[in-house]
Structure formats: C-alpha cells, structure tokens
$ cat data-v9.pdb   # PDB, C-alpha atoms, pLDDT in the B column
ATOM      1  CA  MET L   1     121.343  81.256 100.604  1.00 87.00           C
ATOM      2  CA  LYS L   2     119.900  82.795 103.757  1.00 91.00           C
ATOM      3  CA  GLU L   3     118.522  80.378 106.296  1.00 95.00           C
ATOM      4  CA  LEU L   4     114.754  80.011 106.226  1.00 98.00           C
ATOM      5  CA  ASN L   5     112.547  78.873 109.064  1.00 98.00           C
ATOM      6  CA  VAL L   6     108.909  79.927 108.962  1.00 98.00           C
ATOM      7  CA  THR L   7     106.329  78.526 111.361  1.00 98.00           C
ATOM      8  CA  LEU L   8     102.596  79.025 111.740  1.00 98.00           C
ATOM      9  CA  GLU L   9     100.955  77.632 114.869  1.00 98.00           C
ATOM     10  CA  HIS L  10      97.180  77.492 115.308  1.00 98.00           C
ATOM     11  CA  VAL L  11      96.667  80.425 112.952  1.00 98.00           C
ATOM     12  CA  ARG L  12      93.108  81.702 112.562  1.00 98.00           C
ATOM     13  CA  LYS L  13      91.451  84.150 110.207  1.00 98.00           C
ATOM     14  CA  ALA L  14      87.805  85.053 109.656  1.00 97.00           C
ATOM     15  CA  TYR L  15      85.875  87.463 107.476  1.00 93.00           C
ATOM     16  CA  ALA L  16      82.097  87.062 107.460  1.00 90.00           C
ATOM     17  CA  ARG L  17      82.841  83.457 108.375  1.00 93.00           C
ATOM     18  CA  PRO L  18      85.910  81.562 109.575  1.00 94.00           C
ATOM     19  CA  VAL L  19      88.382  80.857 106.756  1.00 96.00           C
ATOM     20  CA  LEU L  20      91.471  79.609 108.582  1.00 97.00           C
ATOM     21  CA  GLU L  21      90.641  77.889 111.845  1.00 96.00           C
ATOM     22  CA  ASP L  22      93.738  75.998 112.967  1.00 97.00           C
ATOM     23  CA  VAL L  23      96.600  76.206 110.474  1.00 98.00           C
ATOM     24  CA  ASN L  24      99.967  74.732 111.411  1.00 98.00           C
ATOM     25  CA  LEU L  25     102.834  74.869 108.931  1.00 98.00           C
ATOM     26  CA  GLU L  26     106.626  74.900 108.773  1.00 98.00           C
ATOM     27  CA  ILE L  27     108.650  76.075 105.772  1.00 98.00           C
ATOM     28  CA  THR L  28     112.439  75.711 105.540  1.00 98.00           C
ATOM     29  CA  ASN L  29     115.051  75.881 102.791  1.00 98.00           C
ATOM     30  CA  ASP L  30     114.263  72.232 102.044  1.00 97.00           C
ATOM     31  CA  SER L  31     110.541  72.856 101.492  1.00 98.00           C
ATOM     32  CA  TYR L  32     108.722  72.746  98.175  1.00 98.00           C
ATOM     33  CA  ILE L  33     105.061  72.740  99.176  1.00 98.00           C
ATOM     34  CA  ALA L  34     101.889  72.907  97.097  1.00 98.00           C
ATOM     35  CA  VAL L  35      98.646  73.893  98.815  1.00 98.00           C
ATOM     36  CA  VAL L  36      95.466  72.820  97.041  1.00 97.00           C
ATOM     37  CA  GLY L  37      91.786  73.209  97.897  1.00 94.00           C
ATOM     38  CA  ARG L  38      88.501  74.365  96.507  1.00 92.00           C
ATOM     39  CA  SER L  39      87.847  78.001  95.643  1.00 90.00           C
ATOM     40  CA  GLY L  40      87.104  79.985  98.774  1.00 88.00           C
ATOM     41  CA  SER L  41      88.933  77.563 101.062  1.00 93.00           C
ATOM     42  CA  GLY L  42      91.413  80.226 102.169  1.00 95.00           C
ATOM     43  CA  LYS L  43      94.473  79.459 100.039  1.00 96.00           C
ATOM     44  CA  SER L  44      95.067  83.075  99.012  1.00 94.00           C
ATOM     45  CA  THR L  45      94.441  84.244 102.573  1.00 96.00           C
ATOM     46  CA  LEU L  46      97.088  81.817 103.796  1.00 98.00           C
ATOM     47  CA  LEU L  47      99.571  83.056 101.192  1.00 97.00           C
ATOM     48  CA  ASN L  48      98.877  86.687 102.107  1.00 97.00           C
ATOM     49  CA  ILE L  49      99.454  85.993 105.796  1.00 98.00           C
ATOM     50  CA  LEU L  50     102.709  84.196 105.025  1.00 98.00           C
ATOM     51  CA  GLY L  51     103.688  87.079 102.753  1.00 97.00           C
ATOM     52  CA  LEU L  52     103.162  89.645 105.536  1.00 97.00           C
ATOM     53  CA  VAL L  53     100.553  91.542 103.552  1.00 95.00           C
ATOM     54  CA  GLU L  54      97.545  90.435 105.612  1.00 96.00           C
ATOM     55  CA  GLU L  55      97.166  89.979 109.348  1.00 96.00           C
ATOM     56  CA  ARG L  56      95.875  86.924 111.115  1.00 97.00           C
ATOM     57  CA  ASP L  57      93.244  87.000 113.863  1.00 97.00           C
ATOM     58  CA  GLY L  58      95.042  84.596 116.165  1.00 97.00           C
ATOM     59  CA  GLY L  59      97.800  82.043 116.506  1.00 98.00           C
ATOM     60  CA  GLU L  60     101.577  82.458 116.262  1.00 98.00           C
ATOM     61  CA  TYR L  61     103.756  83.343 113.295  1.00 98.00           C
ATOM     62  CA  ARG L  62     107.561  83.297 113.380  1.00 98.00           C
ATOM     63  CA  PHE L  63     109.824  84.215 110.484  1.00 98.00           C
ATOM     64  CA  ASN L  64     113.467  83.219 110.936  1.00 96.00           C
ATOM     65  CA  GLY L  65     113.134  83.390 114.693  1.00 93.00           C
ATOM     66  CA  LYS L  66     111.322  86.731 114.690  1.00 95.00           C
ATOM     67  CA  LYS L  67     107.858  86.763 116.233  1.00 97.00           C
ATOM     68  CA  ILE L  68     105.432  88.443 113.848  1.00 98.00           C
ATOM     69  CA  THR L  69     103.048  90.554 115.876  1.00 96.00           C
ATOM     70  CA  VAL L  70      99.696  91.833 114.653  1.00 92.00           C
ATOM     71  CA  GLY L  71     100.017  95.492 113.676  1.00 92.00           C
ATOM     72  CA  GLY L  72     103.781  95.385 113.194  1.00 92.00           C
ATOM     73  CA  ASP L  73     105.633  96.886 110.235  1.00 93.00           C
ATOM     74  CA  TYR L  74     107.418  94.122 108.338  1.00 95.00           C
ATOM     75  CA  ALA L  75     107.983  95.791 104.967  1.00 92.00           C
ATOM     76  CA  LYS L  76     111.780  95.428 105.224  1.00 92.00           C
ATOM     77  CA  LEU L  77     111.550  91.783 106.318  1.00 95.00           C
ATOM     78  CA  ARG L  78     109.189  91.044 103.426  1.00 95.00           C
ATOM     79  CA  ARG L  79     111.301  92.897 100.870  1.00 92.00           C
ATOM     80  CA  GLU L  80     114.547  91.189 101.851  1.00 92.00           C
ATOM     81  CA  ASN L  81     113.240  87.641 102.247  1.00 96.00           C
ATOM     82  CA  ILE L  82     110.124  86.965 100.165  1.00 97.00           C
ATOM     83  CA  GLY L  83     109.637  86.821  96.415  1.00 96.00           C
ATOM     84  CA  PHE L  84     106.062  86.815  95.058  1.00 97.00           C
ATOM     85  CA  ILE L  85     104.893  85.251  91.789  1.00 95.00           C
ATOM     86  CA  PHE L  86     101.282  85.897  90.748  1.00 91.00           C
ATOM     87  CA  GLN L  87      98.919  84.437  88.162  1.00 87.00           C
ATOM     88  CA  ALA L  88      98.103  87.963  86.976  1.00 88.00           C
ATOM     89  CA  TYR L  89     101.820  88.940  86.858  1.00 92.00           C
ATOM     90  CA  HIS L  90     101.252  92.400  88.430  1.00 92.00           C
ATOM     91  CA  LEU L  91     103.801  94.025  86.160  1.00 96.00           C
ATOM     92  CA  ILE L  92     103.667  97.765  85.401  1.00 95.00           C
ATOM     93  CA  PRO L  93     102.567  98.002  81.744  1.00 92.00           C
ATOM     94  CA  THR L  94     104.131 101.418  81.071  1.00 91.00           C
ATOM     95  CA  LEU L  95     107.594 100.208  82.093  1.00 94.00           C
ATOM     96  CA  SER L  96     110.010  98.098  80.099  1.00 96.00           C
ATOM     97  CA  CYS L  97     110.913  94.558  81.060  1.00 96.00           C
ATOM     98  CA  ARG L  98     114.258  95.789  82.396  1.00 96.00           C
ATOM     99  CA  GLU L  99     112.566  98.427  84.550  1.00 96.00           C
ATOM    100  CA  ASN L 100     110.027  95.928  85.913  1.00 96.00           C
ATOM    101  CA  ILE L 101     112.758  93.466  86.867  1.00 96.00           C
ATOM    102  CA  LEU L 102     114.828  96.119  88.630  1.00 95.00           C
ATOM    103  CA  LEU L 103     111.891  97.849  90.347  1.00 93.00           C
ATOM    104  CA  PRO L 104     112.446  96.143  93.749  1.00 92.00           C
ATOM    105  CA  THR L 105     116.038  97.414  93.821  1.00 91.00           C
ATOM    106  CA  LEU L 106     114.739 100.979  94.127  1.00 87.00           C
ATOM    107  CA  TYR L 107     113.611 100.174  97.665  1.00 77.00           C
ATOM    108  CA  GLY L 108     116.569  98.155  98.898  1.00 67.00           C
ATOM    109  CA  LYS L 109     119.968  96.750  98.071  1.00 72.00           C
ATOM    110  CA  GLY L 110     120.107  94.176  95.334  1.00 74.00           C
ATOM    111  CA  GLY L 111     120.461  93.663  91.634  1.00 80.00           C
ATOM    112  CA  ALA L 112     123.570  91.472  91.653  1.00 85.00           C
ATOM    113  CA  LEU L 113     121.541  88.621  90.175  1.00 88.00           C
ATOM    114  CA  TYR L 114     120.275  90.673  87.232  1.00 93.00           C
ATOM    115  CA  ASP L 115     122.622  89.354  84.529  1.00 93.00           C
ATOM    116  CA  GLU L 116     122.230  85.750  85.691  1.00 91.00           C
ATOM    117  CA  LEU L 117     118.430  85.970  85.746  1.00 93.00           C
ATOM    118  CA  VAL L 118     118.249  87.616  82.325  1.00 94.00           C
ATOM    119  CA  GLU L 119     120.391  84.865  80.825  1.00 92.00           C
ATOM    120  CA  ARG L 120     118.701  81.976  82.621  1.00 88.00           C
ATOM    121  CA  LEU L 121     115.169  83.168  81.807  1.00 91.00           C
ATOM    122  CA  GLN L 122     116.101  84.064  78.207  1.00 90.00           C
ATOM    123  CA  LEU L 123     114.989  87.674  78.595  1.00 94.00           C
ATOM    124  CA  GLU L 124     117.762  89.522  76.738  1.00 94.00           C
ATOM    125  CA  PRO L 125     115.715  90.163  73.540  1.00 95.00           C
ATOM    126  CA  LEU L 126     112.806  91.506  75.591  1.00 95.00           C
ATOM    127  CA  LEU L 127     114.514  93.924  77.970  1.00 96.00           C
ATOM    128  CA  GLY L 128     113.699  97.116  76.075  1.00 96.00           C
ATOM    129  CA  GLN L 129     110.076  96.209  75.362  1.00 95.00           C
ATOM    130  CA  ARG L 130     107.125  97.357  77.429  1.00 94.00           C
ATOM    131  CA  VAL L 131     105.534  94.415  79.157  1.00 92.00           C
ATOM    132  CA  ASN L 132     102.130  95.062  77.575  1.00 91.00           C
ATOM    133  CA  THR L 133     103.613  93.806  74.287  1.00 93.00           C
ATOM    134  CA  LEU L 134     104.594  90.388  75.709  1.00 93.00           C
ATOM    135  CA  SER L 135     102.922  86.988  75.689  1.00 92.00           C
ATOM    136  CA  GLY L 136     101.709  85.428  78.932  1.00 92.00           C
ATOM    137  CA  GLY L 137     104.748  83.180  79.205  1.00 91.00           C
ATOM    138  CA  GLU L 138     107.128  86.092  78.612  1.00 93.00           C
ATOM    139  CA  LYS L 139     105.344  88.181  81.229  1.00 94.00           C
ATOM    140  CA  GLN L 140     105.630  85.380  83.775  1.00 93.00           C
ATOM    141  CA  ARG L 141     109.363  85.021  83.120  1.00 93.00           C
ATOM    142  CA  VAL L 142     109.795  88.766  83.705  1.00 96.00           C
ATOM    143  CA  ALA L 143     107.718  88.476  86.881  1.00 95.00           C
ATOM    144  CA  ILE L 144     109.894  85.620  88.129  1.00 94.00           C
ATOM    145  CA  ALA L 145     113.052  87.620  87.485  1.00 95.00           C
ATOM    146  CA  ARG L 146     111.541  90.493  89.485  1.00 96.00           C
ATOM    147  CA  ALA L 147     110.626  88.092  92.309  1.00 96.00           C
ATOM    148  CA  LEU L 148     114.202  86.780  92.497  1.00 95.00           C
ATOM    149  CA  ILE L 149     116.176  89.990  91.977  1.00 95.00           C
ATOM    150  CA  LEU L 150     116.691  90.598  95.731  1.00 93.00           C
ATOM    151  CA  ASP L 151     117.704  86.951  96.321  1.00 94.00           C
ATOM    152  CA  PRO L 152     114.819  85.927  98.632  1.00 96.00           C
ATOM    153  CA  CYS L 153     114.939  82.781 100.729  1.00 97.00           C
ATOM    154  CA  LEU L 154     111.173  82.181 100.314  1.00 98.00           C
ATOM    155  CA  ILE L 155     109.115  82.139  97.112  1.00 98.00           C
ATOM    156  CA  LEU L 156     105.327  82.424  97.400  1.00 98.00           C
ATOM    157  CA  ALA L 157     103.559  81.604  94.144  1.00 97.00           C
ATOM    158  CA  ASP L 158      99.838  82.146  93.535  1.00 95.00           C
ATOM    159  CA  GLU L 159      98.687  79.994  90.574  1.00 93.00           C
ATOM    160  CA  PRO L 160     101.984  80.702  88.744  1.00 93.00           C
ATOM    161  CA  THR L 161     101.030  78.594  85.709  1.00 90.00           C
ATOM    162  CA  GLY L 162      97.320  79.400  85.644  1.00 88.00           C
ATOM    163  CA  ASN L 163      97.415  81.534  82.484  1.00 85.00           C
ATOM    164  CA  LEU L 164     100.098  79.603  80.607  1.00 89.00           C
ATOM    165  CA  ASP L 165     100.161  77.088  77.775  1.00 89.00           C
ATOM    166  CA  PRO L 166     101.817  73.668  78.349  1.00 90.00           C
ATOM    167  CA  ALA L 167     105.205  74.724  76.920  1.00 89.00           C
ATOM    168  CA  ASN L 168     105.462  77.752  79.189  1.00 88.00           C
ATOM    169  CA  ARG L 169     104.259  75.736  82.163  1.00 91.00           C
ATOM    170  CA  GLU L 170     107.219  73.417  81.684  1.00 92.00           C
ATOM    171  CA  ILE L 171     109.571  76.418  81.646  1.00 89.00           C
ATOM    172  CA  ILE L 172     108.129  77.684  84.937  1.00 91.00           C
ATOM    173  CA  TYR L 173     108.304  74.207  86.490  1.00 94.00           C
ATOM    174  CA  GLY L 174     111.973  74.062  85.569  1.00 93.00           C
ATOM    175  CA  VAL L 175     112.697  77.482  87.060  1.00 92.00           C
ATOM    176  CA  LEU L 176     110.986  76.624  90.341  1.00 95.00           C
ATOM    177  CA  HIS L 177     112.862  73.326  90.604  1.00 96.00           C
ATOM    178  CA  ARG L 178     116.214  75.026  90.007  1.00 94.00           C
ATOM    179  CA  GLU L 179     115.477  77.700  92.602  1.00 95.00           C
ATOM    180  CA  HIS L 180     114.470  75.036  95.095  1.00 97.00           C
ATOM    181  CA  GLU L 181     117.727  73.172  94.449  1.00 96.00           C
ATOM    182  CA  LYS L 182     119.563  76.395  95.320  1.00 95.00           C
ATOM    183  CA  GLY L 183     117.941  76.333  98.757  1.00 97.00           C
ATOM    184  CA  ARG L 184     114.930  78.602  98.379  1.00 97.00           C
ATOM    185  CA  GLY L 185     111.811  77.459 100.176  1.00 98.00           C
ATOM    186  CA  ILE L 186     108.805  77.419  97.866  1.00 98.00           C
ATOM    187  CA  LEU L 187     105.090  77.453  98.587  1.00 98.00           C
ATOM    188  CA  VAL L 188     102.685  77.296  95.645  1.00 98.00           C
ATOM    189  CA  ILE L 189      98.917  77.559  95.815  1.00 97.00           C
ATOM    190  CA  THR L 190      97.187  76.008  92.844  1.00 95.00           C
ATOM    191  CA  HIS L 191      94.099  74.295  91.464  1.00 91.00           C
ATOM    192  CA  ASP L 192      96.168  72.493  88.862  1.00 91.00           C
ATOM    193  CA  LYS L 193      97.098  68.869  89.554  1.00 93.00           C
ATOM    194  CA  ASP L 194     100.190  68.937  87.342  1.00 94.00           C
ATOM    195  CA  THR L 195     101.524  72.053  89.069  1.00 95.00           C
ATOM    196  CA  ALA L 196     100.865  70.520  92.488  1.00 96.00           C
ATOM    197  CA  ALA L 197     102.635  67.327  91.405  1.00 96.00           C
ATOM    198  CA  GLN L 198     105.891  69.257  90.944  1.00 97.00           C
ATOM    199  CA  ALA L 199     106.089  69.858  94.701  1.00 97.00           C
ATOM    200  CA  GLU L 200     107.669  67.507  97.208  1.00 97.00           C
ATOM    201  CA  THR L 201     104.791  67.971  99.660  1.00 98.00           C
ATOM    202  CA  VAL L 202     101.123  68.495  98.775  1.00 98.00           C
ATOM    203  CA  LEU L 203      98.767  69.812 101.450  1.00 98.00           C
ATOM    204  CA  ARG L 204      95.023  70.347 101.162  1.00 97.00           C
ATOM    205  CA  LEU L 205      93.302  73.254 102.869  1.00 97.00           C
ATOM    206  CA  GLU L 206      89.879  72.164 104.005  1.00 95.00           C
ATOM    207  CA  SER L 207      87.633  73.206 106.892  1.00 94.00           C
ATOM    208  CA  GLY L 208      90.209  75.822 107.826  1.00 95.00           C
ATOM    209  CA  ARG L 209      93.035  73.321 108.345  1.00 97.00           C
ATOM    210  CA  LEU L 210      95.957  71.950 106.344  1.00 97.00           C
ATOM    211  CA  VAL L 211      95.916  68.196 105.859  1.00 96.00           C
ATOM    212  CA  SER L 212      98.250  65.865 103.971  1.00 89.00           C
TER
END
$ encode --input "data-v9.pdb" --output "structure tokens"
Amino acid sequence: MKELNVTLEHVRKAYARPVLEDVNLEITNDSYIAVVGRSGSGKSTLLNILGLVEERDGGEYRFNGKKITVGGDYAKLRRENIGFIFQAYHLIPTLSCRENILLPTLYGKGGALYDELVERLQLEPLLGQRVNTLSGGEKQRVAIARALILDPCLILADEPTGNLDPANREIIYGVLHREHEKGRGILVITHDKDTAAQAETVLRLESGRLVS
C-alpha cells in the first residue's frame, strides 16, 4: 500500500457565509475517521477539498508531502490516490456493472484488482447487467469496486450507507474495515450514529472547526 500522509492546517472556506473557519486534520494509513455534524456544517465541503475537487480559501493542504496550491491541476494525483464512495452512487446507468467498475482504468493504469474485487464483493452474477437494474446495496458494491480499482491509499466516503437497509449496511461496514486493515486511510462523513461508530476516531464539525 502506498504511504499516505494528508494534512490540513488552518483551512478556511466561505460561500455567502464562512463554512470552514479553522480546520486542522491529519490522515495517514492508520486513520479511520468519521466526521459528523448538522446539515450545512460543511462536511461535504471538507470532503470535496480533501478530494481535490474544490478549492479552499486559505490555509495549507499537503498530500503525501506535496503542497496543494490553489488553482493547481491535481487530476492525476486524485486519480492515483483517492477513491470516492457516494450516497447517490454516481454510476453510469447505461453501462454494465463491469464497465462501471473498469471506467477509471480508461484514464490511467490499473485494473489488477478487478478479479479480487469482483469475488470479494460478490459481483460475478451482476457484471453483465446495467446498473439501473440493481438494488441499492448492489449499486453501492459496484461503486465500491470502482472506487478501489486503481488501488487508492485514501478512501473518501460521503454517507456511504445512507440509502441502504441494515443487511447491506453491515456488508459495507465489513468492506471498509477490511480495506482499512490493508492500510488504506478512510474518512467518512455521515449523519448516522452506527456508521460513525465503525470508525476509530469520530470528529464533529461545528462552528467551522473539527472537534473530538
């Protein structure tokens, strides 16, 4: 597993009002962090900044020793190091499960984990189906396989169990725990107490700051 060391120092972000005012955070291969907080507290903004899809207004961000500058192009860094899991799955409905899983490999090297992921996530019977025919739990398993196909060192999960029944939640909990044991750093944002309880560290985002 690639080494992971992500640090945010005094990160700020505002829209019509300040959302993140002084966020300090470190994520390593040993991290399994849940971030909780009320709606509108800035959890998704924090995840987007960490995921290099949204820029901060101030503060420092370093990813594996590389200083992330505002306005820089970090598509390659994001693609090679970060796997995203979303509540809404963000799969392409006109593609099959196999095609959705392998989609990231079109833009970079990877795919060696395909057979392992298909077996571990019990996806073999679904590979030829279009994802719009799947249940919520099946869609999330496909989405997780897609997130892991390029072997990222960091997983960012946005309410990964929000649309799932209890049985499928347990499946996702198990997957995240196994990936963490392999050395992937994990950050989950969630409203759900049970999902937060799976993490080793729970932080609350309030008044623009992370607190234990």
$ residues_around --input "data-v9.pdb" --residues "Glu80 in chain L" --least-positions-apart "6" --cutoff "10 Å" --atoms "only C-alpha atoms" --output "number ranges by chain"
L: 104, 107-110, 150-154
$ write_last_selection --input "data-v9.pdb" --atoms "C-alpha atoms" --output "PDB file, keeping the file's coordinate frame"
ATOM      1  CA  PRO L 104     112.446  96.143  93.749  1.00 92.00           C
ATOM      2  CA  TYR L 107     113.611 100.174  97.665  1.00 77.00           C
ATOM      3  CA  GLY L 108     116.569  98.155  98.898  1.00 67.00           C
ATOM      4  CA  LYS L 109     119.968  96.750  98.071  1.00 72.00           C
ATOM      5  CA  GLY L 110     120.107  94.176  95.334  1.00 74.00           C
ATOM      6  CA  LEU L 150     116.691  90.598  95.731  1.00 93.00           C
ATOM      7  CA  ASP L 151     117.704  86.951  96.321  1.00 94.00           C
ATOM      8  CA  PRO L 152     114.819  85.927  98.632  1.00 96.00           C
ATOM      9  CA  CYS L 153     114.939  82.781 100.729  1.00 97.00           C
ATOM     10  CA  LEU L 154     111.173  82.181 100.314  1.00 98.00           C
TER      11      LEU L 154
END
$ atom_distance --input "data-v9.pdb" --atom1 "CA of Ile186 in chain L" --atom2 "CA of Gly42 in chain L"
18.1 Å
$ atom_distance --input "data-v9.pdb" --atom1 "CA of Tyr32 in chain L" --atom2 "CA of Ile189 in chain L"
11.2 Å
$ resolve_selection --input "data-v9.pdb" --expression "the PyMOL selection byres ((chain L and resi 182) around 12)" --output "VMD selection string"
chain L and resid 1 to 3 29 to 32 151 to 154 175 to 181 183 to 186
$ closest_atom_pairs --input "data-v9.pdb" --of "range 107-136 of chain L" --to "range 155-171 of chain L" --cutoff "10 Å" --atoms "all atoms listed in the file" --output "JSON lines"
{"residue": "L:Leu121", "atom": "CA", "partner": "L:Ile171", "partner_atom": "CA", "distance": 8.8}
{"residue": "L:Ser135", "atom": "CA", "partner": "L:Leu164", "partner_atom": "CA", "distance": 9.3}
{"residue": "L:Gly136", "atom": "CA", "partner": "L:Leu164", "partner_atom": "CA", "distance": 6.3}
$ closest_residue --input "data-v9.pdb" --among "L:Leu106, L:Leu46, L:Leu4, L:Ile149" --to "Leu20 in chain L" --atoms "all atoms listed in the file"
L:Leu46
$ atom_distance --input "data-v9.pdb" --atom1 "CA of Tyr89 in chain L" --atom2 "CA of Arg209 in chain L"
28.0 Å
$ resolve_selection --input "data-v9.pdb" --expression "the PyMOL selection byres ((chain L and resi 11) around 6)" --output "list in words"
Glu9, His10, Arg12, Asp22, Val23, Gly58 and Gly59 of chain L
$ write_last_selection --input "data-v9.pdb" --atoms "C-alpha atoms" --output "compact mmCIF listing (two decimals), in the coordinates of the input"
# COMPACT_ATOMS: atom_id res chain seq x y z
CA GLU L 9 100.96 77.63 114.87
CA HIS L 10 97.18 77.49 115.31
CA ARG L 12 93.11 81.70 112.56
CA ASP L 22 93.74 76.00 112.97
CA VAL L 23 96.60 76.21 110.47
CA GLY L 58 95.04 84.60 116.16
CA GLY L 59 97.80 82.04 116.51
$ resolve_selection --input "data-v9.pdb" --expression "the PyMOL selection byres ((chain L and resi 128) around 9)" --output "PDB file with C-alpha atoms, in the frame of the given file"
ATOM      1  CA  SER L  96     110.010  98.098  80.099  1.00 96.00           C
ATOM      2  CA  CYS L  97     110.913  94.558  81.060  1.00 96.00           C
ATOM      3  CA  ARG L  98     114.258  95.789  82.396  1.00 96.00           C
ATOM      4  CA  GLU L  99     112.566  98.427  84.550  1.00 96.00           C
ATOM      5  CA  GLU L 124     117.762  89.522  76.738  1.00 94.00           C
ATOM      6  CA  PRO L 125     115.715  90.163  73.540  1.00 95.00           C
ATOM      7  CA  LEU L 126     112.806  91.506  75.591  1.00 95.00           C
ATOM      8  CA  LEU L 127     114.514  93.924  77.970  1.00 96.00           C
ATOM      9  CA  GLN L 129     110.076  96.209  75.362  1.00 95.00           C
ATOM     10  CA  ARG L 130     107.125  97.357  77.429  1.00 94.00           C
TER      11      ARG L 130
END
$ closest_residue --input "data-v9.pdb" --among "L:Leu210, L:Thr195, L:Thr94, L:Gly83" --to "Leu148 in chain L" --atoms "only C-alpha atoms"
L:Gly83
$ closest_residue --input "data-v9.pdb" --among "L:Arg38, L:Lys76, L:Arg141, L:Arg204" --to "Val118 in chain L" --atoms "all atoms listed in the file"
L:Arg141
$ residues_around --input "data-v9.pdb" --residues "Pro93 in chain L" --least-positions-apart "3" --cutoff "9 Å" --atoms "only C-alpha atoms" --output "PyMOL selection string"
chain L and resi 90+96+100+130-133
$ residues_around --input "data-v9.pdb" --residues "Gln122 in chain L" --least-positions-apart "5" --cutoff "12 Å" --atoms "all atoms listed in the file" --output "PDB file with C-alpha atoms, keeping the file's coordinate frame"
ATOM      1  CA  TYR L 114     120.275  90.673  87.232  1.00 93.00           C
ATOM      2  CA  ASP L 115     122.622  89.354  84.529  1.00 93.00           C
ATOM      3  CA  GLU L 116     122.230  85.750  85.691  1.00 91.00           C
ATOM      4  CA  LEU L 117     118.430  85.970  85.746  1.00 93.00           C
ATOM      5  CA  LEU L 127     114.514  93.924  77.970  1.00 96.00           C
ATOM      6  CA  GLY L 137     104.748  83.180  79.205  1.00 91.00           C
ATOM      7  CA  GLU L 138     107.128  86.092  78.612  1.00 93.00           C
ATOM      8  CA  LYS L 139     105.344  88.181  81.229  1.00 94.00           C
ATOM      9  CA  GLN L 140     105.630  85.380  83.775  1.00 93.00           C
ATOM     10  CA  ARG L 141     109.363  85.021  83.120  1.00 93.00           C
ATOM     11  CA  VAL L 142     109.795  88.766  83.705  1.00 96.00           C
ATOM     12  CA  ILE L 144     109.894  85.620  88.129  1.00 94.00           C
ATOM     13  CA  ALA L 145     113.052  87.620  87.485  1.00 95.00           C
ATOM     14  CA  ILE L 171     109.571  76.418  81.646  1.00 89.00           C
ATOM     15  CA  VAL L 175     112.697  77.482  87.060  1.00 92.00           C
TER      16      VAL L 175
END
